[in-house]
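Visitor: Pasting in a structure now, in structure tokens, and then I'll have a few things to ask.
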Amino acid sequence: MTSNLRRRSLMTIPKIQLSLTPKISIDGLRYQQLEIEILTPDRVINPSDMIGLELPATVDTSGGVVISGRAPIWLYAYFVHELHPTKWVACFDPRISGGVVVATHSNQAAIGQIILEAPTNEVQLCPALMIVGPPNSGKSVLAHALFQALLQENPHVYLQRANWDGEGNWTVELGDEEQAEIMKVANKGALTEEFFPYHAQAILELRRHKSLVLVDIGGMVQPEKHPILEACSHYLIISSKTEEIDKWHEFCRDRGNLATIAVIHSTLETCEKVTQSQPYLEMTCGAWLMGQPRAVPDELLTRVRSLFLKRT
């Protein structure tokens with residue numbers, strides 16, 4: 001009996017929490033902000049969790065609603081549909097510090113309009129940690145592992161993929177390396193003049209909202225990436241080639257004036273060996289392979305965790 005009651009109570013623990021701000025008015029535009037918070041420790045939910053999910057009763061249909069929070073695309077699509085009776089609906093993008101109008105039923109707001117946040121006098125920027133190193137060293141796998149580990153402790157962590165190689169969290173999470181490579185090639189982009197300036201600005205905006213921003217900039221030292229250097233504060237090198245490490249120090253530390261957090265000598269062997277703790281962490285660690293997730297070493301996790309900015 002006790003076991004059945006406990007099982008039933010666990011099933012009823014909500015996984016999604018919704019909160020609605022009071023009415024906000026900016027430049028005569030009235031709206032509320034719908035905040036989504038995923039309550040599971042790993043911040044993962046399933047489509048079935050939408051069943052029975054209802055909007056707060058205090059939604060004001062005479063104005064607009066800006067949806068905000070880290071959640072799957074399909075959950076955002078569900079709320080855009082459910083908010084159809086409101087005048088307009090926007091989705092908040094922290095990379096531009098504003099909500100993008102995606103549905104409207106009045107002349108209050110237009111499709112594609114950006115509803116900017118009310119300006120604040122002082123905003124402390126959180127740290128932005130670049131994860132760098134030569135190709136085939138495990139940058140994407142390490143970045144994802146760090147992101148997932150830190151996200152369980154702090155929901156205000158963001159991983160910005162500032163590269164056009166087609167990789168994303170989905171390539172790591174797919175679980176099928178061959179299919180991930182096919183989709184990666186199909187989604188591969190190209191470098192343009194606007195690419196890195198766009199991501200640099202996105203990183204700065206994210207630093208105004210988050211507690212820590214992780215940045216994956218790809219495996220090449222390129223002068224075009226200087227805007228990213230200016231937008232970040234720290235860097236971590238992961239390299240399978242010892243001879244490549246100095247050029248990344250020169251690029252990030254000497255040219256970008258970024259602070260060194262760690263140097264990871266990537267290996268295909270399963271190992272964790274710390275060779276230096278100060279002035280930055282240095283260790284040999286592996287293997288960082290797609291489709292073979294591994295835990296982030298405690299020493300590295302502690303060092304990166306120390307960067308967290310506490311948001312009030």
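Chain labels run A, B, ... following the order of the structure tokens; each chain numbers its residues from 1, and ligands are numbered from 1 in the order shown.
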Would you mind writing down, as an NGL selection string, each residue of region 82-281 of chain A that DSSP on the backbone assigns to strand (DSSP E)?

Guide: :A and (88-93 or 98-104 or 114-116 or 128-132 or 157-161 or 212-216 or 234-239 or 259-267 or 271-276 or 281)

Visitor: Val215 (chain A): which residues within 10 Å, counting only C-alpha atoms, same-chain residues fewer than 4 positions away excluded, as a PyMOL selection string?

Guide: chain A and resi 128-132+143+158-163+199+203+228+232+234-236

Visitor: DSSP on the backbone, helix (DSSP H, G or I) only: what residues of region 106-253 of chain A does that give? Format it as an MDAnalysis selection string.

Guide: chainID A and resid 139:151 169:173 177:186 195:207 223:231 242:253

Visitor: So, with only C-alpha atoms as the atoms that count, which of A:Leu53, A:Ile36, A:Val102, A:Leu204 lies closest to Ala71 (chain A)?

Guide: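 The answer is A:Ile36, which sits nearest to Ala71 (chain A).
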
Visitor: Rounded to one decimal place, report the CA of Ser62 (chain A)-CA of Gly112 (chain A) distance in Å.

Guide: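 Interatomic distance here is 20.0 Å.
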
Visitor: Could you tell me how far CA of Leu55 (chain A) sits from CA of Thr86 (chain A), in Å to one decimal place?

Guide: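 Straight-line distance from CA of Thr86 (chain A) to CA of Leu55 (chain A) works out to 12.1 Å.
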
Visitor: Need the shell around region 307-311 of chain A: protein/DNA/RNA residues with any atom at most 8 Å away, counting only C-alpha atoms. Skip same-chain ones fewer than 6 positions apart. Format as a list of chain:residue names?

Guide: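 Selected residues are A:Cys126, A:Pro127, A:Lys210, A:Ser211, A:Leu212.
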
Visitor: Grab the residues selected above and save them as a PDB file, in the first residue's frame with N, CA and C atoms.

Guide:
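Saved to selection-v1.pdb:
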```
ATOM      1  N   CYS A 126      27.320  38.326 -17.060  1.00  0.00           N
ATOM      2  CA  CYS A 126      27.847  37.076 -16.547  1.00  0.00           C
ATOM      3  C   CYS A 126      29.070  36.660 -17.374  1.00  0.00           C
ATOM      4  N   PRO A 127      29.888  35.744 -16.883  1.00  0.00           N
ATOM      5  CA  PRO A 127      31.034  35.266 -17.663  1.00  0.00           C
ATOM      6  C   PRO A 127      30.586  34.516 -18.921  1.00  0.00           C
ATOM      7  N   LYS A 210      21.805  35.603 -18.393  1.00  0.00           N
ATOM      8  CA  LYS A 210      22.178  34.286 -17.883  1.00  0.00           C
ATOM      9  C   LYS A 210      23.180  34.372 -16.740  1.00  0.00           C
ATOM     10  N   SER A 211      23.468  33.212 -16.157  1.00  0.00           N
ATOM     11  CA  SER A 211      24.489  33.130 -15.109  1.00  0.00           C
ATOM     12  C   SER A 211      25.835  32.678 -15.668  1.00  0.00           C
ATOM     13  N   LEU A 212      25.795  32.010 -16.826  1.00  0.00           N
ATOM     14  CA  LEU A 212      27.014  31.575 -17.501  1.00  0.00           C
ATOM     15  C   LEU A 212      26.663  31.234 -18.943  1.00  0.00           C
TER      16      LEU A 212
END
```

Visitor: Using only C-alpha atoms, pick whichever of A:Lys139, A:Arg70, A:His249, A:Arg208 has the shortest atom-to-atom distance to Leu125 (chain A).

Guide: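 Using only C-alpha atoms, the shortest distance to Leu125 (chain A) belongs to A:Arg208.
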
Visitor: With a distance cut-off of 12 Å and only C-alpha atoms, select the neighbouring residues of Ala149 (chain A), excluding the residue or stretch itself and same-chain residues fewer than 2 positions from it, and output the selection as a ChimeraX atom specification.

Guide: /A:41-43,142-147,151-155,157-159,293-298,300-302,304-305

Visitor: With a distance cut-off of 12 Å and only C-alpha atoms, select the neighbouring residues of Gly69 (chain A), excluding the residue or stretch itself and same-chain residues fewer than 2 positions from it, and output the selection as number ranges by chain.

Guide: A: 16-20, 33-39, 43, 66-67, 71-73, 75-76, 91-94, 99, 155-158, 209-210

Visitor: Once you have the residues from the selection above, write them out as a JSON list (two decimals), in the first residue's frame, restricted to C-alpha atoms.

Guide:
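Contents of out24.json, freshly written:
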```
[["chain", "number", "residue", "atom", "x", "y", "z"],
["A", 16, "ILE", "CA", 6.31, 22.21, -15.96],
["A", 17, "GLN", "CA", 5.64, 25.36, -13.98],
["A", 18, "LEU", "CA", 3.98, 28.41, -15.53],
["A", 19, "SER", "CA", 3.94, 31.92, -14.11],
["A", 20, "LEU", "CA", 2.44, 35.11, -15.51],
["A", 33, "GLN", "CA", 5.10, 37.60, -19.92],
["A", 34, "LEU", "CA", 4.44, 33.87, -19.62],
["A", 35, "GLU", "CA", 7.43, 32.23, -17.93],
["A", 36, "ILE", "CA", 8.03, 28.53, -18.51],
["A", 37, "GLU", "CA", 10.16, 26.61, -16.02],
["A", 38, "ILE", "CA", 11.02, 22.93, -16.44],
["A", 39, "LEU", "CA", 11.19, 21.40, -12.97],
["A", 43, "ARG", "CA", 15.45, 19.90, -17.55],
["A", 66, "VAL", "CA", 5.48, 37.17, -24.56],
["A", 67, "ILE", "CA", 6.43, 33.52, -23.96],
["A", 71, "ALA", "CA", 11.61, 24.73, -23.37],
["A", 72, "PRO", "CA", 11.29, 22.55, -26.50],
["A", 73, "ILE", "CA", 10.00, 24.11, -29.71],
["A", 75, "LEU", "CA", 5.93, 23.33, -26.17],
["A", 76, "TYR", "CA", 6.29, 26.89, -27.49],
["A", 91, "CYS", "CA", 8.54, 34.39, -28.26],
["A", 92, "PHE", "CA", 11.37, 35.81, -26.16],
["A", 93, "ASP", "CA", 14.89, 35.39, -27.55],
["A", 94, "PRO", "CA", 17.59, 36.22, -24.98],
["A", 99, "GLY", "CA", 10.25, 39.00, -27.89],
["A", 155, "PRO", "CA", 18.75, 26.83, -15.22],
["A", 156, "HIS", "CA", 20.45, 30.05, -16.35],
["A", 157, "VAL", "CA", 23.20, 28.36, -18.35],
["A", 158, "TYR", "CA", 23.31, 28.78, -22.12],
["A", 209, "HIS", "CA", 20.27, 37.45, -18.78],
["A", 210, "LYS", "CA", 22.18, 34.29, -17.88]]
```

Visitor: Would you mind reading off the distance between CA of Asp49 (chain A) and CA of Ile96 (chain A), one decimal, in Å?

Guide: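 That distance, rounded to one decimal, is 29.1 Å.
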
Visitor: Env of Trp88 (chain A): 7 Å cut, atoms = only C-alpha atoms, seq-sep filter 6 positions within chain, self excluded. Answer as a PyMOL selection string.

Guide: chain A and resi 64-65+103-105+109

Visitor: For each of A:Ser240, A:Gln179, A:Thr40, A:Gln276, take the minimum atom-to-atom distance to Pro135 (chain A), counting only C-alpha atoms, then give the residue where this is smallest.

Guide: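 Among the listed residues, A:Ser240 lies closest to Pro135 (chain A).
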
Visitor: Would you kindly return, as an mmCIF file with C-alpha atoms, in the first residue's frame, each protein, DNA or RNA residue with an atom no farther than 8 Å from any atom of region 273-275 of chain A, considering only C-alpha atoms and excluding same-chain residues fewer than 5 positions away?

Guide:
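The result, written out as out-v8.cif:
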```cif
data_model
loop_
_atom_site.group_PDB
_atom_site.id
_atom_site.type_symbol
_atom_site.label_atom_id
_atom_site.label_comp_id
_atom_site.auth_asym_id
_atom_site.auth_seq_id
_atom_site.Cartn_x
_atom_site.Cartn_y
_atom_site.Cartn_z
ATOM 1 C CA LEU A 281 43.666 23.599 -14.368
ATOM 2 C CA GLU A 282 45.575 21.300 -16.721
ATOM 3 C CA MET A 283 44.709 17.641 -17.137
ATOM 4 C CA THR A 284 44.718 14.694 -19.507
ATOM 5 C CA CYS A 285 41.240 13.333 -20.000
#
```

Visitor: Kindly indicate which residue among A:Lys188, A:Arg95, A:Lys15, A:Lys23 lies nearest to Ile51 (chain A), using only C-alpha atoms for the distances.

Guide: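 Among the listed residues, the smallest separation from Ile51 (chain A) belongs to A:Lys15.
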